[in-house]
$ cat data26.csv   # CSV, C-alpha atoms
chain,number,residue,atom,x,y,z
A,141,MET,CA,-14.3,-14.1,-2.5
A,142,ARG,CA,-14.1,-11.3,0.1
A,143,ILE,CA,-11.3,-8.8,0.1
A,144,ARG,CA,-10.7,-6.1,2.6
A,145,VAL,CA,-8.5,-3.1,2.0
A,146,VAL,CA,-7.1,-1.6,5.3
A,147,ASN,CA,-6.1,2.0,5.5
A,148,PRO,CA,-3.6,2.0,8.4
A,149,ASN,CA,-4.1,5.7,9.1
A,150,THR,CA,-7.3,7.2,10.6
A,151,THR,CA,-8.3,9.6,7.8
A,152,ARG,CA,-11.7,8.3,6.5
A,153,ALA,CA,-11.7,10.6,3.4
A,154,MET,CA,-8.5,8.8,2.2
A,155,THR,CA,-10.2,5.4,2.8
A,156,GLU,CA,-13.1,6.5,0.6
A,157,THR,CA,-10.6,7.3,-2.3
A,158,ILE,CA,-8.8,4.1,-1.7
A,159,GLU,CA,-12.0,2.0,-1.8
A,160,ARG,CA,-13.2,3.6,-5.1
A,161,CYS,CA,-9.8,2.8,-6.7
A,162,ALA,CA,-9.8,-0.8,-5.5
A,163,LYS,CA,-13.4,-1.4,-6.5
A,164,ALA,CA,-12.7,-0.1,-10.0
A,165,VAL,CA,-10.4,-3.0,-10.7
A,166,ALA,CA,-12.0,-5.8,-8.6
A,167,GLY,CA,-13.8,-8.5,-10.6
A,168,SER,CA,-17.5,-8.9,-10.7
A,169,GLY,CA,-17.4,-11.9,-8.4
A,170,THR,CA,-15.4,-10.1,-5.8
A,171,TRP,CA,-16.9,-8.5,-2.7
A,172,LEU,CA,-14.6,-5.7,-1.5
A,173,ASP,CA,-14.6,-3.1,1.1
A,174,ALA,CA,-12.1,-0.7,2.7
A,175,VAL,CA,-11.8,0.1,6.4
A,176,THR,CA,-10.1,2.9,8.3
A,177,SER,CA,-7.9,2.1,11.3
A,178,GLU,CA,-9.6,2.9,14.6
A,179,MET,CA,-6.4,4.0,16.2
A,180,GLY,CA,-3.1,5.6,15.1
A,181,PRO,CA,-1.9,8.6,13.2
A,182,ALA,CA,-3.9,10.7,10.7
A,183,SER,CA,-1.2,10.0,8.2
A,184,ILE,CA,1.9,7.9,8.0
A,185,GLU,CA,5.0,9.9,7.2
A,186,SER,CA,7.7,8.7,9.6
A,187,HIS,CA,9.0,5.6,11.3
A,188,TYR,CA,7.2,6.8,14.5
A,189,ASP,CA,3.9,7.1,12.6
A,190,GLU,CA,4.4,3.7,11.0
A,191,ALA,CA,5.1,2.0,14.4
A,192,LEU,CA,2.0,3.5,15.9
A,193,SER,CA,-0.2,2.6,13.0
A,194,ILE,CA,0.4,-1.2,13.4
A,195,PRO,CA,-1.8,-2.0,16.4
A,196,GLY,CA,-4.8,-0.5,14.6
A,197,LEU,CA,-4.0,-2.4,11.4
A,198,LEU,CA,-3.7,-5.7,13.3
A,199,ALA,CA,-7.0,-5.0,15.0
A,200,ALA,CA,-8.6,-4.6,11.6
A,201,ILE,CA,-7.1,-7.9,10.4
A,202,GLN,CA,-8.4,-9.7,13.6
A,203,ARG,CA,-11.9,-8.4,12.9
A,204,GLY,CA,-11.6,-9.4,9.3
A,205,GLU,CA,-10.8,-13.0,10.3
A,206,GLN,CA,-13.8,-13.1,12.6
A,207,GLU,CA,-16.0,-11.9,9.7
A,208,GLY,CA,-14.7,-14.4,7.2
A,209,ILE,CA,-12.6,-12.1,5.0
A,210,ASP,CA,-10.5,-14.1,2.5
A,211,GLY,CA,-7.6,-11.7,1.8
A,212,TYR,CA,-6.3,-8.2,2.6
A,213,VAL,CA,-4.6,-5.2,1.1
A,214,ILE,CA,-2.5,-2.9,3.3
A,215,ALA,CA,-3.0,0.5,1.8
A,216,CYS,CA,0.1,2.4,2.9
A,217,PHE,CA,3.3,2.5,0.8
A,218,GLY,CA,5.5,1.7,3.8
A,219,ASP,CA,3.7,-1.7,4.0
A,220,PRO,CA,3.5,-1.3,7.8
A,221,GLY,CA,2.9,-4.5,9.8
A,222,LEU,CA,2.9,-6.7,6.8
A,223,ASP,CA,4.7,-9.7,8.4
A,224,ALA,CA,2.6,-9.5,11.6
A,225,ALA,CA,-0.6,-9.3,9.5
A,226,ARG,CA,0.4,-12.4,7.6
A,227,GLU,CA,0.8,-14.2,10.9
A,228,LEU,CA,-2.8,-13.3,11.8
A,229,ALA,CA,-4.6,-13.9,8.5
A,230,GLY,CA,-5.5,-17.2,7.0
A,231,GLY,CA,-5.5,-15.8,3.4
A,232,PRO,CA,-3.1,-13.6,1.5
A,233,VAL,CA,-2.1,-10.2,2.7
A,234,ILE,CA,-0.4,-7.9,0.2
A,235,GLY,CA,1.2,-4.5,0.7
A,236,ILE,CA,0.8,-1.8,-1.9
A,237,ALA,CA,4.5,-1.1,-2.3
A,238,GLU,CA,5.2,-4.8,-2.7
A,239,ALA,CA,2.5,-5.2,-5.4
A,240,ALA,CA,3.3,-2.0,-7.3
A,241,MET,CA,7.0,-2.7,-7.5
A,242,HIS,CA,6.5,-6.3,-8.8
A,243,ALA,CA,3.9,-5.1,-11.3
A,244,ALA,CA,6.2,-2.3,-12.6
A,245,SER,CA,9.1,-4.8,-13.0
A,246,HIS,CA,7.1,-6.5,-15.7
A,247,LEU,CA,6.7,-3.3,-17.8
A,248,GLY,CA,10.3,-2.5,-18.7
A,249,ARG,CA,13.9,-2.5,-17.6
A,250,GLY,CA,13.3,-0.1,-14.7
A,251,PHE,CA,10.9,2.0,-12.8
A,252,SER,CA,11.0,5.2,-10.7
A,253,VAL,CA,9.0,5.7,-7.4
A,254,VAL,CA,7.5,9.1,-6.8
A,255,THR,CA,6.6,9.5,-3.1
A,256,THR,CA,5.4,12.3,-0.8
A,257,LEU,CA,8.0,13.7,1.5
A,258,ASN,CA,11.8,13.4,1.2
A,259,ARG,CA,12.0,11.8,4.6
A,260,THR,CA,10.2,8.7,3.2
A,261,ILE,CA,12.7,8.0,0.4
A,262,GLY,CA,14.8,5.8,2.6
A,263,ARG,CA,11.9,3.6,3.5
A,264,ALA,CA,10.9,3.1,-0.2
A,265,GLU,CA,14.5,2.2,-1.1
A,266,GLU,CA,14.6,-0.3,1.8
A,267,LEU,CA,11.5,-2.0,0.6
A,268,ALA,CA,12.8,-2.2,-3.0
A,269,GLN,CA,15.8,-4.2,-1.5
A,270,ARG,CA,13.6,-6.3,0.6
A,271,TYR,CA,11.4,-7.3,-2.3
A,272,GLY,CA,14.4,-8.0,-4.6
A,273,MET,CA,13.4,-5.0,-6.8
A,274,GLN,CA,16.7,-3.0,-6.4
A,275,ARG,CA,17.8,-4.0,-9.9
A,276,PHE,CA,14.6,-2.5,-11.3
A,277,CYS,CA,14.2,0.5,-9.1
A,278,ARG,CA,16.2,3.3,-10.7
A,279,GLY,CA,15.3,6.0,-8.3
A,280,VAL,CA,13.0,7.3,-5.6
A,281,HIS,CA,11.8,10.9,-5.8
A,282,ALA,CA,9.7,13.1,-3.4
A,283,CYS,CA,7.2,15.7,-4.6
A,284,GLU,CA,7.2,17.3,-1.1
A,285,ILE,CA,3.5,17.2,-0.7
A,286,PRO,CA,2.3,15.8,2.7
A,287,VAL,CA,0.0,12.9,2.5
A,288,LEU,CA,-3.2,14.7,3.6
A,289,ALA,CA,-2.5,17.6,1.3
A,290,LEU,CA,-2.9,15.3,-1.7
A,291,GLU,CA,-6.6,15.8,-1.3
A,292,THR,CA,-6.7,19.4,-0.2
A,293,ASP,CA,-3.9,21.2,-2.1
A,294,PRO,CA,-5.4,22.3,-5.5
A,295,GLN,CA,-1.9,22.1,-7.0
A,296,ALA,CA,-1.3,18.5,-5.9
A,297,ARG,CA,-2.2,16.8,-9.2
A,298,LYS,CA,0.0,19.1,-11.2
A,299,ILE,CA,2.9,18.8,-8.8
A,300,VAL,CA,2.8,15.0,-8.6
A,301,THR,CA,2.5,14.7,-12.4
A,302,GLU,CA,5.5,16.9,-13.0
A,303,ALA,CA,7.5,15.0,-10.4
A,304,CYS,CA,6.7,11.8,-12.3
A,305,ARG,CA,7.7,13.4,-15.6
A,306,GLU,CA,11.0,14.6,-14.1
A,307,ALA,CA,11.7,11.2,-12.5
A,308,VAL,CA,11.2,9.4,-15.9
A,309,GLU,CA,13.6,11.8,-17.6
A,310,ALA,CA,16.2,11.8,-14.8
A,311,ASP,CA,16.3,8.0,-14.3
A,312,GLY,CA,15.6,6.8,-17.9
A,313,SER,CA,12.8,4.7,-16.5
A,314,ASP,CA,10.1,2.8,-18.4
A,315,ALA,CA,7.4,3.1,-15.7
A,316,ILE,CA,6.4,5.0,-12.6
A,317,VAL,CA,5.3,3.6,-9.2
A,318,LEU,CA,3.1,5.9,-7.2
A,319,GLY,CA,4.5,5.9,-3.7
A,320,CYS,CA,1.4,6.7,-1.6
A,321,ALA,CA,-2.1,5.2,-1.4
A,322,GLY,CA,-3.4,8.8,-1.4
A,323,MET,CA,-2.2,9.1,-5.0
A,324,ALA,CA,-4.3,6.2,-6.2
A,325,ASP,CA,-6.9,8.4,-8.0
A,326,LEU,CA,-4.2,10.3,-9.9
A,327,CYS,CA,-2.9,7.2,-11.7
A,328,GLU,CA,-4.9,7.5,-14.9
A,329,HIS,CA,-4.4,11.3,-15.2
A,330,ILE,CA,-0.6,11.0,-14.8
A,331,ARG,CA,-0.4,8.1,-17.3
A,332,ASP,CA,-2.2,10.1,-19.9
A,333,GLU,CA,0.0,13.1,-19.3
A,334,ILE,CA,3.5,11.5,-19.3
A,335,ARG,CA,2.8,8.6,-21.7
A,336,VAL,CA,4.5,5.9,-19.7
A,337,PRO,CA,3.0,3.1,-17.6
A,338,VAL,CA,2.0,4.4,-14.1
A,339,VAL,CA,1.3,1.8,-11.4
A,340,ASP,CA,-0.9,2.5,-8.4
A,341,GLY,CA,-0.3,0.0,-5.6
A,342,VAL,CA,-3.9,0.0,-4.4
A,343,ALA,CA,-5.1,-1.4,-7.7
A,344,ALA,CA,-2.0,-3.7,-8.1
A,345,ALA,CA,-2.4,-5.2,-4.6
A,346,THR,CA,-6.2,-5.7,-5.0
A,347,LEU,CA,-5.6,-7.6,-8.2
A,348,THR,CA,-2.7,-9.6,-6.6
A,349,VAL,CA,-4.9,-10.7,-3.7
A,350,GLN,CA,-7.8,-11.5,-6.1
A,351,SER,CA,-5.5,-13.6,-8.4
A,352,LEU,CA,-4.1,-15.6,-5.4
A,353,LEU,CA,-7.6,-16.3,-4.2
A,354,THR,CA,-8.7,-17.3,-7.7
A,355,LEU,CA,-5.7,-19.8,-7.8
A,356,GLY,CA,-7.1,-21.3,-4.6
A,357,VAL,CA,-4.0,-20.7,-2.6
A,358,ARG,CA,-3.7,-19.4,1.0
A,359,LYS,CA,-0.7,-18.5,3.2
A,360,SER,CA,1.6,-21.2,4.5
A,361,GLY,CA,0.7,-22.0,8.1
A,362,ARG,CA,4.2,-23.3,8.8
A,363,GLY,CA,7.2,-21.7,10.4
A,364,GLU,CA,7.5,-17.9,10.6
A,365,PHE,CA,4.0,-17.1,9.4
A,366,ALA,CA,2.1,-19.6,11.5
A,367,ALA,CA,-0.4,-18.0,13.9
A,368,PRO,CA,1.5,-16.1,16.7
A,369,PRO,CA,1.6,-17.9,20.1
A,370,THR,CA,-1.1,-17.0,22.5
A,371,LYS,CA,0.0,-14.8,25.4
A,372,THR,CA,-1.1,-12.0,27.6
A,373,TYR,CA,-0.6,-8.4,26.6
A,374,SER,CA,-0.8,-5.5,29.0
A,375,GLY,CA,-1.9,-1.9,29.1
A,376,LEU,CA,-3.3,-0.4,25.9
A,377,LEU,CA,-2.5,-3.7,24.1
A,378,SER,CA,-4.5,-5.9,26.5
A,379,SER,CA,-7.2,-6.5,23.9
A,380,PHE,CA,-4.6,-8.2,21.7
A,381,GLY,CA,-3.9,-11.0,24.2
A,382,ALA,CA,-5.6,-14.3,25.0

$ encode --input "data26.csv" --output "structure tokens"
Amino acid sequence: MRIRVVNPNTTRAMTETIERCAKAVAGSGTWLDAVTSEMGPASIESHYDEALSIPGLLAAIQRGEQEGIDGYVIACFGDPGLDAARELAGGPVIGIAEAAMHAASHLGRGFSVVTTLNRTIGRAEELAQRYGMQRFCRGVHACEIPVLALETDPQARKIVTEACREAVEADGSDAIVLGCAGMADLCEHIRDEIRVPVVDGVAAATLTVQSLLTLGVRKSGRGEFAAPPTKTYSGLLSSFGA
């Protein structure tokens, strides 16, 4: 099986981290790579960023379909463009927030999400409701580290770890969900430090796609997630049309 992880931002260093974490859990019979969006923001930290990240994400999905990719991971915790990507792809497409929240719901009565900036809390709460996870999600907390600083700030690991520890204590949670793909490589360290399950969405989504492909199931081609109707697009989006 062939799985592609798509980083919807344009920062290649982050893609490299994401790819390492995804490959660490992929099975021996799974071919996996990660790609960086060719257009869009350097990081996704607002609704504006998210909206402008979607054309690049969809272009990556289109290329994957031409190359015979079987399934995809969207490696941004806002799960941008998930529904549109599912229209384009023949196989499963899983967002990392979706996968991480579902995985964490199996590990106890409730989990806390630790994300980057305070302004992204509302999006995480909205996704918990969308995925039916509101009864498990006991709180969403920000560590106030910008996405790109996760790799450049020497204090990032310590700050994120302490934010996770404080979230568990404040919410009485049984698990932590890391609310950014850029935190993927911190998962094991944080788990060892705070002694509760810590779920990284990159790993969780990779294994979800792999499991669905192993089961031999693909997306439904009916109704809402059928291929989008062919039409002409103009301007900067002209390459997306017929």

$ residues_around --input "data26.csv" --residues "A:Phe217" --least-positions-apart "2" --cutoff "10 Å" --atoms "only C-alpha atoms" --output "number ranges by chain"
A: 184-185, 214-215, 219-220, 235-240, 255, 260, 263-264, 267, 318-322, 341-342

$ residues_around --input "data26.csv" --residues "A:Asp189" --least-positions-apart "2" --cutoff "12 Å" --atoms "all atoms listed in the file" --output "ChimeraX atom specification"
/A:148-150,179-187,191-196,216,218,220-221,260

$ closest_atom_pairs --input "data26.csv" --of "stretch 166-270 of chain A" --to "stretch 358-372 of chain A" --cutoff "12 Å" --atoms "only C-alpha atoms" --output "Markdown table"
| residue | atom | partner | partner_atom | distance |
| --- | --- | --- | --- | --- |
| A:Gln202 | CA | A:Ala367 | CA | 11.5 |
| A:Asp210 | CA | A:Arg358 | CA | 8.8 |
| A:Gly211 | CA | A:Arg358 | CA | 8.7 |
| A:Tyr212 | CA | A:Arg358 | CA | 11.6 |
| A:Leu222 | CA | A:Phe365 | CA | 10.8 |
| A:Asp223 | CA | A:Phe365 | CA | 7.5 |
| A:Ala224 | CA | A:Phe365 | CA | 8.0 |
| A:Ala225 | CA | A:Phe365 | CA | 9.1 |
| A:Arg226 | CA | A:Phe365 | CA | 6.2 |
| A:Glu227 | CA | A:Phe365 | CA | 4.6 |
| A:Leu228 | CA | A:Ala367 | CA | 5.7 |
| A:Ala229 | CA | A:Ala367 | CA | 8.0 |
| A:Gly230 | CA | A:Lys359 | CA | 6.3 |
| A:Gly231 | CA | A:Arg358 | CA | 4.7 |
| A:Pro232 | CA | A:Lys359 | CA | 5.7 |
| A:Val233 | CA | A:Lys359 | CA | 8.4 |
| A:Ile234 | CA | A:Lys359 | CA | 11.0 |

$ atom_distance --input "data26.csv" --atom1 "atom CA of A:Gly356" --atom2 "atom CA of A:Thr170"
14.0 Å

$ residues_around --input "data26.csv" --residues "A:Ala303" --least-positions-apart "3" --cutoff "6 Å" --atoms "only C-alpha atoms" --output "ChimeraX atom specification"
/A:283,300,306

$ residues_around --input "data26.csv" --residues "A:Asn147" --least-positions-apart "4" --cutoff "8 Å" --atoms "all atoms listed in the file" --output "count of residues only"
11

$ atom_distance --input "data26.csv" --atom1 "atom CA of A:Gly272" --atom2 "atom CA of A:Ala200"
28.3 Å

$ residues_around --input "data26.csv" --residues "A:Met141" --least-positions-apart "3" --cutoff "8 Å" --atoms "only C-alpha atoms" --output "list in words"
Gly169, Thr170, Trp171, Ile209, Asp210, Gln350 and Leu353 of chain A

$ write_last_selection --input "data26.csv" --atoms "C-alpha atoms" --output "mmCIF file, in the frame of the given file"
data_model
loop_
_atom_site.group_PDB
_atom_site.id
_atom_site.type_symbol
_atom_site.label_atom_id
_atom_site.label_comp_id
_atom_site.auth_asym_id
_atom_site.auth_seq_id
_atom_site.Cartn_x
_atom_site.Cartn_y
_atom_site.Cartn_z
ATOM 1 C CA GLY A 169 -17.400 -11.900 -8.400
ATOM 2 C CA THR A 170 -15.400 -10.100 -5.800
ATOM 3 C CA TRP A 171 -16.900 -8.500 -2.700
ATOM 4 C CA ILE A 209 -12.600 -12.100 5.000
ATOM 5 C CA ASP A 210 -10.500 -14.100 2.500
ATOM 6 C CA GLN A 350 -7.800 -11.500 -6.100
ATOM 7 C CA LEU A 353 -7.600 -16.300 -4.200
#

$ closest_residue --input "data26.csv" --among "A:Thr301, A:Thr256, A:Thr348, A:Ser313" --to "A:Ile330" --atoms "all atoms listed in the file"
A:Thr301

$ atom_distance --input "data26.csv" --atom1 "atom CA of A:Cys277" --atom2 "atom CA of A:Thr346"
21.7 Å

$ closest_residue --input "data26.csv" --among "A:Ala166, A:Leu352, A:Ile143, A:Ile261" --to "A:Gly204" --atoms "all atoms listed in the file"
A:Ile143

$ closest_residue --input "data26.csv" --among "A:Cys304, A:Leu355, A:Ile299, A:Ala243" --to "A:Met273" --atoms "all atoms listed in the file"
A:Ala243

$ closest_residue --input "data26.csv" --among "A:Glu190, A:Asp173, A:Glu284, A:Glu302" --to "A:Asn258" --atoms "all atoms listed in the file"
A:Glu284
